[in-house]
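Peer 1: What follows is the file work00.cif, containing mmCIF, C-alpha atoms:
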```cif
data_my_file
loop_
_atom_site.group_PDB
_atom_site.id
_atom_site.type_symbol
_atom_site.label_atom_id
_atom_site.label_comp_id
_atom_site.auth_asym_id
_atom_site.auth_seq_id
_atom_site.Cartn_x
_atom_site.Cartn_y
_atom_site.Cartn_z
ATOM 1 C CA MET F 11 0.000 0.000 0.000
ATOM 2 C CA LEU F 12 1.256 3.475 -0.839
ATOM 3 C CA THR F 13 2.230 5.770 2.025
ATOM 4 C CA TYR F 14 0.762 9.203 2.726
ATOM 5 C CA GLU F 15 3.967 10.817 1.444
ATOM 6 C CA GLN F 16 3.909 8.812 -1.806
ATOM 7 C CA ILE F 17 0.255 9.719 -2.381
ATOM 8 C CA THR F 18 0.736 13.436 -1.791
ATOM 9 C CA SER F 19 3.763 13.403 -4.091
ATOM 10 C CA GLN F 20 1.728 11.665 -6.821
ATOM 11 C CA ILE F 21 -1.130 14.136 -6.391
ATOM 12 C CA LEU F 22 1.174 17.145 -6.776
ATOM 13 C CA ASP F 23 2.976 15.582 -9.770
ATOM 14 C CA SER F 24 -0.342 14.727 -11.451
ATOM 15 C CA MET F 25 -1.577 18.275 -10.911
ATOM 16 C CA LYS F 26 1.548 19.693 -12.548
ATOM 17 C CA ASP F 27 1.250 17.203 -15.446
ATOM 18 C CA ALA F 28 -2.313 18.470 -16.000
ATOM 19 C CA GLU F 29 -1.028 22.069 -16.331
ATOM 20 C CA LEU F 30 -2.210 23.053 -12.837
ATOM 21 C CA ASN F 31 -0.213 25.164 -10.420
ATOM 22 C CA PRO F 32 -0.577 23.918 -6.806
ATOM 23 C CA TYR F 33 0.017 26.444 -4.033
ATOM 24 C CA LEU F 34 -0.620 26.855 -0.293
ATOM 25 C CA ILE F 35 0.191 23.176 0.213
ATOM 26 C CA ARG F 36 -0.582 22.099 3.784
ATOM 27 C CA HIS F 37 -0.038 18.900 5.729
ATOM 28 C CA ASN F 38 -1.952 18.941 9.010
ATOM 29 C CA LEU F 39 -1.537 16.462 11.854
ATOM 30 C CA GLU F 40 -4.171 16.021 14.574
ATOM 31 C CA LEU F 41 -2.097 15.396 17.694
ATOM 32 C CA ILE F 42 -4.522 13.183 19.618
ATOM 33 C CA THR F 43 -5.731 10.795 16.869
ATOM 34 C CA LEU F 44 -2.665 11.270 14.614
ATOM 35 C CA MET F 45 -4.981 11.770 11.639
ATOM 36 C CA LYS F 46 -3.235 13.541 8.769
ATOM 37 C CA GLU F 47 -4.916 15.949 6.391
ATOM 38 C CA PHE F 48 -3.589 17.138 3.055
ATOM 39 C CA GLU F 49 -4.935 20.223 1.349
ATOM 40 C CA CYS F 50 -3.785 22.567 -1.338
ATOM 41 C CA LEU F 51 -5.194 25.121 -3.715
ATOM 42 C CA CYS F 52 -4.550 25.109 -7.438
ATOM 43 C CA VAL F 53 -5.114 27.264 -10.498
ATOM 44 C CA VAL F 54 -4.450 26.872 -14.193
ATOM 45 C CA LYS F 55 -0.718 27.107 -14.904
ATOM 46 C CA ASN F 56 0.561 30.591 -15.812
ATOM 47 C CA LYS F 57 -2.498 32.328 -14.330
ATOM 48 C CA LYS F 58 -1.492 35.569 -12.658
ATOM 49 C CA SER F 59 -2.357 36.242 -9.017
ATOM 50 C CA PRO F 60 -4.488 37.229 -7.208
ATOM 51 C CA TYR F 61 -6.419 33.993 -7.739
ATOM 52 C CA VAL F 62 -10.179 34.385 -7.393
ATOM 53 C CA THR F 63 -11.334 31.189 -9.117
ATOM 54 C CA ARG F 64 -9.433 28.183 -7.806
ATOM 55 C CA ALA F 65 -9.797 24.528 -6.887
ATOM 56 C CA GLU F 66 -9.109 23.086 -3.451
ATOM 57 C CA ILE F 67 -7.849 19.491 -3.306
ATOM 58 C CA SER F 68 -7.883 17.625 0.006
ATOM 59 C CA PHE F 69 -8.090 14.261 1.748
ATOM 60 C CA SER F 70 -7.855 12.805 5.262
ATOM 61 C CA TRP F 71 -5.548 9.941 6.261
ATOM 62 C CA GLU F 72 -6.354 7.976 9.414
ATOM 63 C CA SER F 73 -3.563 6.689 11.634
ATOM 64 C CA ILE F 74 -4.534 3.069 10.874
ATOM 65 C CA MET F 75 -3.725 3.767 7.201
ATOM 66 C CA THR F 76 -0.285 4.971 8.238
ATOM 67 C CA ALA F 77 0.263 1.684 10.104
ATOM 68 C CA GLU F 78 -0.931 -0.374 7.137
ATOM 69 C CA SER F 79 1.174 1.530 4.616
ATOM 70 C CA ILE F 80 4.340 1.256 6.746
ATOM 71 C CA TYR F 81 3.983 -2.243 8.253
ATOM 72 C CA GLY F 82 2.048 -3.950 5.459
ATOM 73 C CA GLY F 83 -1.106 -4.402 7.493
ATOM 74 C CA ASN F 84 -2.419 -3.669 10.935
ATOM 75 C CA CYS F 85 -2.634 -7.222 12.312
ATOM 76 C CA ALA F 86 0.679 -6.875 14.158
ATOM 77 C CA LEU F 87 -0.924 -4.109 16.183
ATOM 78 C CA PHE F 88 -3.517 -6.545 17.581
ATOM 79 C CA HIS F 89 -1.889 -9.976 17.898
ATOM 80 C CA ASP F 90 1.359 -11.914 17.608
ATOM 81 C CA GLU F 91 2.532 -12.818 14.076
ATOM 82 C CA THR F 92 2.498 -16.554 14.938
ATOM 83 C CA GLU F 93 -1.252 -16.540 15.739
ATOM 84 C CA ASP F 94 -3.867 -17.364 13.126
ATOM 85 C CA CYS F 95 -5.242 -14.200 11.598
ATOM 86 C CA LEU F 96 -8.881 -13.655 10.709
ATOM 87 C CA HIS F 97 -8.206 -10.201 9.287
ATOM 88 C CA ASP F 98 -6.832 -11.631 6.015
ATOM 89 C CA ASP F 99 -10.223 -13.174 5.234
ATOM 90 C CA GLU F 100 -11.860 -9.733 5.212
ATOM 91 C CA ASN F 101 -10.105 -8.783 1.927
ATOM 92 C CA ARG F 102 -10.302 -5.085 2.696
ATOM 93 C CA GLU F 103 -9.221 -2.521 0.119
ATOM 94 C CA ALA F 104 -7.972 0.858 1.234
ATOM 95 C CA VAL F 105 -9.759 3.791 -0.362
ATOM 96 C CA LEU F 106 -8.721 7.423 -0.502
ATOM 97 C CA GLU F 107 -11.584 9.935 -0.534
ATOM 98 C CA LEU F 108 -10.259 12.858 -2.582
ATOM 99 C CA GLU F 109 -12.315 16.034 -2.210
ATOM 100 C CA ILE F 110 -12.367 18.613 -4.998
ATOM 101 C CA LYS F 111 -13.919 21.979 -4.303
ATOM 102 C CA TYR F 112 -14.145 24.865 -6.797
ATOM 103 C CA ASN F 113 -14.307 28.322 -5.206
ATOM 104 C CA ILE F 114 -15.994 31.035 -7.286
ATOM 105 C CA GLU F 115 -16.891 34.669 -6.661
ATOM 106 C CA ALA F 116 -19.467 36.615 -8.683
ATOM 107 C CA LYS F 117 -18.992 40.137 -10.064
ATOM 108 C CA GLU F 118 -20.924 42.977 -8.422
ATOM 109 C CA GLY F 119 -23.470 43.356 -11.238
ATOM 110 C CA PHE F 120 -24.359 39.665 -11.151
ATOM 111 C CA LYS F 121 -24.679 38.996 -7.411
ATOM 112 C CA GLU F 122 -28.489 38.993 -7.574
ATOM 113 C CA GLU F 123 -28.700 36.906 -10.774
ATOM 114 C CA THR F 124 -29.053 33.505 -9.114
ATOM 115 C CA ASN F 125 -30.996 31.906 -11.979
ATOM 116 C CA LEU F 126 -28.397 32.976 -14.569
ATOM 117 C CA ILE F 127 -25.484 31.824 -12.402
ATOM 118 C CA ASN F 128 -27.099 28.468 -11.658
ATOM 119 C CA SER F 129 -27.925 27.874 -15.327
ATOM 120 C CA GLU F 130 -24.407 28.795 -16.508
ATOM 121 C CA LEU F 131 -22.728 26.601 -13.873
ATOM 122 C CA LEU F 132 -24.913 23.598 -14.718
ATOM 123 C CA THR F 133 -24.069 24.049 -18.405
ATOM 124 C CA VAL F 134 -20.327 24.009 -17.653
ATOM 125 C CA ILE F 135 -20.640 20.998 -15.332
ATOM 126 C CA ASN F 136 -22.659 18.979 -17.854
ATOM 127 C CA THR F 137 -20.361 19.951 -20.734
ATOM 128 C CA VAL F 138 -17.092 19.081 -18.985
ATOM 129 C CA MET F 139 -18.206 16.078 -16.915
ATOM 130 C CA GLU F 140 -19.444 13.028 -18.780
ATOM 131 C CA HIS F 141 -19.721 10.923 -15.614
ATOM 132 C CA GLN F 142 -22.377 10.849 -12.883
ATOM 133 C CA ASN F 143 -20.139 12.192 -10.105
ATOM 134 C CA LYS F 144 -21.350 15.785 -10.512
ATOM 135 C CA PRO F 145 -20.419 18.380 -7.902
ATOM 136 C CA GLN F 146 -22.930 19.771 -5.449
ATOM 137 C CA ILE F 147 -23.441 23.536 -5.811
ATOM 138 C CA THR F 148 -23.412 25.470 -2.524
ATOM 139 C CA TRP F 149 -24.342 29.137 -2.312
ATOM 140 C CA GLU F 150 -23.370 31.629 0.347
ATOM 141 C CA VAL F 151 -26.255 34.122 0.232
ATOM 142 C CA THR F 152 -26.341 37.426 2.105
ATOM 143 C CA LEU F 153 -29.474 39.426 2.907
ATOM 144 C CA ASN F 154 -28.834 43.165 3.297
ATOM 145 C CA SER F 155 -30.799 45.627 5.452
ATOM 146 C CA SER F 156 -33.073 46.499 2.489
ATOM 147 C CA GLY F 157 -34.182 42.888 2.174
ATOM 148 C CA VAL F 158 -32.190 42.253 -1.029
ATOM 149 C CA HIS F 159 -30.336 38.953 -1.207
ATOM 150 C CA PHE F 160 -27.116 38.513 -3.123
ATOM 151 C CA ILE F 161 -24.485 35.849 -3.607
ATOM 152 C CA GLY F 162 -21.350 36.084 -1.476
ATOM 153 C CA ALA F 163 -19.537 32.956 -2.688
ATOM 154 C CA ILE F 164 -20.205 29.819 -4.715
ATOM 155 C CA LYS F 165 -18.674 26.383 -4.185
ATOM 156 C CA LEU F 166 -18.848 23.286 -6.364
ATOM 157 C CA GLN F 167 -17.849 20.215 -4.363
ATOM 158 C CA HIS F 168 -17.536 16.510 -5.041
ATOM 159 C CA TYR F 169 -15.496 13.476 -3.975
ATOM 160 C CA TRP F 170 -13.602 10.741 -5.783
ATOM 161 C CA ASN F 171 -13.017 7.359 -4.119
ATOM 162 C CA ILE F 172 -9.626 6.107 -5.283
ATOM 163 C CA GLU F 173 -8.444 2.605 -4.504
ATOM 164 C CA ILE F 174 -4.972 2.543 -2.912
ATOM 165 C CA LYS F 175 -2.695 -0.294 -3.930
ATOM 166 C CA ASP F 176 1.068 -0.605 -4.290
ATOM 167 C CA GLU F 177 1.281 1.123 -7.658
ATOM 168 C CA ASP F 178 0.637 4.621 -8.974
ATOM 169 C CA LEU F 179 -2.795 6.138 -8.445
ATOM 170 C CA GLU F 180 -5.062 6.846 -11.409
ATOM 171 C CA LEU F 181 -5.255 10.635 -11.149
ATOM 172 C CA THR F 182 -4.666 11.885 -14.707
ATOM 173 C CA GLU F 183 -8.316 12.138 -15.764
ATOM 174 C CA ILE F 184 -9.345 13.760 -12.477
ATOM 175 C CA PHE F 185 -6.823 16.595 -12.717
ATOM 176 C CA GLU F 186 -7.334 17.091 -16.449
ATOM 177 C CA GLU F 187 -11.011 17.596 -15.585
ATOM 178 C CA VAL F 188 -10.087 20.102 -12.844
ATOM 179 C CA HIS F 189 -7.996 22.011 -15.415
ATOM 180 C CA GLU F 190 -10.867 22.063 -17.901
ATOM 181 C CA MET F 191 -13.381 23.101 -15.235
ATOM 182 C CA LEU F 192 -11.223 26.036 -14.108
ATOM 183 C CA ILE F 193 -10.756 27.256 -17.691
ATOM 184 C CA ASN F 194 -14.492 27.036 -18.425
ATOM 185 C CA ILE F 195 -15.529 28.656 -15.133
ATOM 186 C CA ASP F 196 -13.243 31.630 -15.845
ATOM 187 C CA LYS F 197 -15.029 32.173 -19.190
ATOM 188 C CA LEU F 198 -18.426 32.671 -17.518
ATOM 189 C CA PRO F 199 -19.677 36.265 -17.691
ATOM 190 C CA PHE F 200 -20.492 36.550 -13.987
ATOM 191 C CA VAL F 201 -17.140 35.325 -12.605
ATOM 192 C CA LYS F 202 -15.075 37.918 -10.786
ATOM 193 C CA ASP F 203 -11.613 38.131 -12.321
ATOM 194 C CA LYS F 204 -9.786 40.336 -9.801
ATOM 195 C CA LEU F 205 -9.958 40.820 -6.032
#
```
Could you quickly redo this structure as structure tokens?

Peer 2:
Amino acid sequence: MLTYEQITSQILDSMKDAELNPYLIRHNLELITLMKEFECLCVVKNKKSPYVTRAEISFSWESIMTAESIYGGNCALFHDETEDCLHDDENREAVLELEIKYNIEAKEGFKEETNLINSELLTVINTVMEHQNKPQITWEVTLNSSGVHFIGAIKLQHYWNIEIKDEDLELTEIFEEVHEMLINIDKLPFVKDKL
């Protein structure tokens, strides 16, 4: 089984191969449970900052996965190697849940145009993604003192379950899709292009 470090390295390499520029790369460690979390932001390569439209890539890694990836299984944690093991019969496969979140901000003149924004986003999603794992659209809506609502931020979020074995992960198509999504989102008329 691949280690956390091998997986994060493959993720970053696959992002770069797909013409994405990863930045703000973070590795977090929860001190009590020893759970690790990886997260980074990315934009299309050669895009100039400040970055308004970006994708966030993240996953969590439980301490038991660290034990399995280093020691070849977790049975040694529970019993002596000479004892019969019932764990082998379970035939478990480790799975990495990779979260992809697109962060979008709307221009001032479009912040009340929820129907237009929703329609345009659904068109991009259905054009780029030929699979059924479509992202969920989340709106951050603000209501001002006059009773007018407007959009503060938009997020598109979905997860990929990736089987972890001893060889390279299949990430090429995922990050090529992220690249294509970011390019198409930036072309939408309502997307804010500068902070």

Peer 1: Just want the 8 Å neighbourhood of segment 108-125 of chain F, counted on only C-alpha atoms, with same-chain residues fewer than 2 positions away dropped. Output as number ranges by chain.

Peer 2: F: 62-69, 106, 127-129, 159-172, 192, 200-203

Peer 1: At most 10 Å from (-15.7, 28.4, -20.3), file frame, all atoms listed in the file: which residues, as number ranges by chain?

Peer 2: F: 130-131, 133-134, 137-138, 190-199

Peer 1: Between atom CA of Asp176 of chain F and atom CA of Ser19 of chain F, what is the spacing in Å?

Peer 2: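 Atom-to-atom, atom CA of Ser19 of chain F and atom CA of Asp176 of chain F are spaced 14.3 Å apart.
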
Peer 1: Could you tell me how far atom CA of Leu51 of chain F lies from atom CA of Arg36 of chain F, in Å and to one decimal?

Peer 2: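 Distance between the two atoms: 9.3 Å.
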
Peer 1: Please write the residues picked by the PyMOL selection byres ((chain F and resi 30) around 12) on this file as a PyMOL selection string.

Peer 2: chain F and resi 21-29+31-33+50-57+64-67+182+184-193

Peer 1: Atom CA of Tyr61 of chain F and atom CA of Leu153 of chain F, how far apart in Å?

Peer 2: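 Spanning atom CA of Leu153 of chain F to atom CA of Tyr61 of chain F is a straight-line distance of 26.0 Å.
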
Peer 1: Taking 6 positions as the minimum chain separation for residues in the same chain, which residues sit within 12 Å of Thr43 of chain F when counting all atoms listed in the file? Answer as a list in words.

Peer 2: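 Listing them by chain and then by number gives Ser70, Trp71, Glu72, Ser73, Ile74 and Thr76 of chain F.
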
Peer 1: Restricted to C-alpha atoms, what would the selected residues look like written as a PDB file, in the frame of the given file?

Peer 2:
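Generated output (part23.pdb):
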```pdb
ATOM      1  CA  SER F  70      -7.855  12.805   5.262  1.00  0.00           C
ATOM      2  CA  TRP F  71      -5.548   9.941   6.261  1.00  0.00           C
ATOM      3  CA  GLU F  72      -6.354   7.976   9.414  1.00  0.00           C
ATOM      4  CA  SER F  73      -3.563   6.689  11.634  1.00  0.00           C
ATOM      5  CA  ILE F  74      -4.534   3.069  10.874  1.00  0.00           C
ATOM      6  CA  THR F  76      -0.285   4.971   8.238  1.00  0.00           C
TER       7      THR F  76
END
```

Peer 1: Assuming the chain letters and numbering stay as they are in my file, what does the PyMOL selection byres ((chain F and resi 173) around 12) actually select? List them as a list in words.

Peer 2: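 Here the PyMOL selection byres ((chain F and resi 173) around 12) matches Met11, Leu12, Ile17, Arg102, Glu103, Ala104, Val105, Leu106, Glu107, Leu108, Trp170, Asn171, Ile172, Ile174, Lys175, Asp176, Glu177, Asp178, Leu179, Glu180 and Leu181 of chain F.
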
Peer 1: Any chance you can output those residues with C-alpha atoms as an mmCIF file, in the frame of the given file?

Peer 2:
```cif
data_model
loop_
_atom_site.group_PDB
_atom_site.id
_atom_site.type_symbol
_atom_site.label_atom_id
_atom_site.label_comp_id
_atom_site.auth_asym_id
_atom_site.auth_seq_id
_atom_site.Cartn_x
_atom_site.Cartn_y
_atom_site.Cartn_z
ATOM 1 C CA MET F 11 0.000 0.000 0.000
ATOM 2 C CA LEU F 12 1.256 3.475 -0.839
ATOM 3 C CA ILE F 17 0.255 9.719 -2.381
ATOM 4 C CA ARG F 102 -10.302 -5.085 2.696
ATOM 5 C CA GLU F 103 -9.221 -2.521 0.119
ATOM 6 C CA ALA F 104 -7.972 0.858 1.234
ATOM 7 C CA VAL F 105 -9.759 3.791 -0.362
ATOM 8 C CA LEU F 106 -8.721 7.423 -0.502
ATOM 9 C CA GLU F 107 -11.584 9.935 -0.534
ATOM 10 C CA LEU F 108 -10.259 12.858 -2.582
ATOM 11 C CA TRP F 170 -13.602 10.741 -5.783
ATOM 12 C CA ASN F 171 -13.017 7.359 -4.119
ATOM 13 C CA ILE F 172 -9.626 6.107 -5.283
ATOM 14 C CA ILE F 174 -4.972 2.543 -2.912
ATOM 15 C CA LYS F 175 -2.695 -0.294 -3.930
ATOM 16 C CA ASP F 176 1.068 -0.605 -4.290
ATOM 17 C CA GLU F 177 1.281 1.123 -7.658
ATOM 18 C CA ASP F 178 0.637 4.621 -8.974
ATOM 19 C CA LEU F 179 -2.795 6.138 -8.445
ATOM 20 C CA GLU F 180 -5.062 6.846 -11.409
ATOM 21 C CA LEU F 181 -5.255 10.635 -11.149
#
```

Peer 1: Given all atoms listed in the file as the basis, pick out the residue of F:Tyr81, F:Pro145, F:Pro60, F:Ile35 nearest to Phe48 of chain F.

Peer 2: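 Selected residue with least distance to Phe48 of chain F: F:Ile35.
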
Peer 1: Could you add whatever atoms are missing so that segment 186-197 of chain F carries all heavy atoms, then write the result as a short mmCIF file (atom, residue, chain, number, x, y, z; two decimals), in the coordinates of the input?

Peer 2:
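Result file is part.cif:
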```
data_model
loop_
_atom_site.label_atom_id
_atom_site.label_comp_id
_atom_site.auth_asym_id
_atom_site.auth_seq_id
_atom_site.Cartn_x
_atom_site.Cartn_y
_atom_site.Cartn_z
N GLU F 186 -7.03 16.49 -15.14
CA GLU F 186 -7.33 17.09 -16.45
C GLU F 186 -8.73 17.71 -16.43
O GLU F 186 -8.97 18.77 -17.00
CB GLU F 186 -7.21 16.05 -17.56
CG GLU F 186 -5.77 15.71 -17.88
CD GLU F 186 -5.62 14.58 -18.89
OE1 GLU F 186 -6.63 13.92 -19.25
OE2 GLU F 186 -4.46 14.34 -19.31
N GLU F 187 -9.66 17.05 -15.74
CA GLU F 187 -11.01 17.60 -15.58
C GLU F 187 -10.99 18.87 -14.74
O GLU F 187 -11.68 19.85 -15.06
CB GLU F 187 -11.92 16.55 -14.94
CG GLU F 187 -13.35 17.04 -14.75
CD GLU F 187 -14.22 15.98 -14.11
OE1 GLU F 187 -14.69 15.09 -14.85
OE2 GLU F 187 -14.41 16.03 -12.88
N VAL F 188 -10.21 18.90 -13.67
CA VAL F 188 -10.09 20.10 -12.84
C VAL F 188 -9.57 21.26 -13.70
O VAL F 188 -10.10 22.37 -13.65
CB VAL F 188 -9.15 19.86 -11.63
CG1 VAL F 188 -8.84 21.17 -10.91
CG2 VAL F 188 -9.76 18.85 -10.67
N HIS F 189 -8.56 20.99 -14.52
CA HIS F 189 -8.00 22.01 -15.42
C HIS F 189 -9.07 22.55 -16.35
O HIS F 189 -9.24 23.77 -16.49
CB HIS F 189 -6.84 21.39 -16.21
CG HIS F 189 -6.18 22.33 -17.15
ND1 HIS F 189 -6.55 22.44 -18.47
CD2 HIS F 189 -5.17 23.22 -16.95
CE1 HIS F 189 -5.81 23.35 -19.05
NE2 HIS F 189 -4.95 23.84 -18.16
N GLU F 190 -9.82 21.65 -16.97
CA GLU F 190 -10.87 22.06 -17.90
C GLU F 190 -11.99 22.83 -17.20
O GLU F 190 -12.51 23.81 -17.72
CB GLU F 190 -11.43 20.83 -18.62
CG GLU F 190 -12.26 21.18 -19.82
CD GLU F 190 -12.67 19.97 -20.64
OE1 GLU F 190 -12.09 18.87 -20.45
OE2 GLU F 190 -13.58 20.11 -21.48
N MET F 191 -12.35 22.39 -16.00
CA MET F 191 -13.38 23.10 -15.24
C MET F 191 -12.94 24.53 -14.92
O MET F 191 -13.70 25.48 -15.10
CB MET F 191 -13.69 22.36 -13.93
CG MET F 191 -14.61 21.17 -14.07
SD MET F 191 -16.30 21.59 -14.53
CE MET F 191 -16.87 22.43 -13.05
N LEU F 192 -11.71 24.70 -14.45
CA LEU F 192 -11.22 26.04 -14.11
C LEU F 192 -11.20 26.96 -15.33
O LEU F 192 -11.57 28.13 -15.24
CB LEU F 192 -9.83 25.95 -13.47
CG LEU F 192 -9.79 25.39 -12.05
CD1 LEU F 192 -8.35 25.14 -11.61
CD2 LEU F 192 -10.51 26.31 -11.07
N ILE F 193 -10.77 26.45 -16.47
CA ILE F 193 -10.76 27.26 -17.69
C ILE F 193 -12.17 27.68 -18.07
O ILE F 193 -12.43 28.84 -18.39
CB ILE F 193 -10.07 26.48 -18.84
CG1 ILE F 193 -8.57 26.44 -18.60
CG2 ILE F 193 -10.39 27.12 -20.20
CD1 ILE F 193 -7.80 25.62 -19.59
N ASN F 194 -13.11 26.73 -18.03
CA ASN F 194 -14.49 27.04 -18.42
C ASN F 194 -15.21 27.94 -17.42
O ASN F 194 -16.02 28.77 -17.82
CB ASN F 194 -15.27 25.74 -18.65
CG ASN F 194 -14.94 25.12 -19.98
OD1 ASN F 194 -15.42 25.55 -21.02
ND2 ASN F 194 -14.08 24.12 -19.97
N ILE F 195 -14.92 27.78 -16.15
CA ILE F 195 -15.53 28.66 -15.13
C ILE F 195 -15.06 30.09 -15.34
O ILE F 195 -15.85 31.04 -15.27
CB ILE F 195 -15.19 28.16 -13.71
CG1 ILE F 195 -15.97 26.88 -13.40
CG2 ILE F 195 -15.50 29.23 -12.67
CD1 ILE F 195 -15.52 26.16 -12.14
N ASP F 196 -13.78 30.28 -15.64
CA ASP F 196 -13.24 31.63 -15.84
C ASP F 196 -13.86 32.33 -17.06
O ASP F 196 -13.84 33.55 -17.13
CB ASP F 196 -11.72 31.60 -15.99
CG ASP F 196 -11.02 31.69 -14.65
OD1 ASP F 196 -11.63 32.17 -13.68
OD2 ASP F 196 -9.84 31.28 -14.56
N LYS F 197 -14.41 31.59 -18.00
CA LYS F 197 -15.03 32.17 -19.19
C LYS F 197 -16.45 32.66 -18.93
O LYS F 197 -17.03 33.37 -19.76
CB LYS F 197 -15.07 31.14 -20.33
CG LYS F 197 -13.71 30.80 -20.88
CD LYS F 197 -13.85 29.73 -21.96
CE LYS F 197 -12.49 29.29 -22.48
NZ LYS F 197 -12.61 28.17 -23.43
#
```
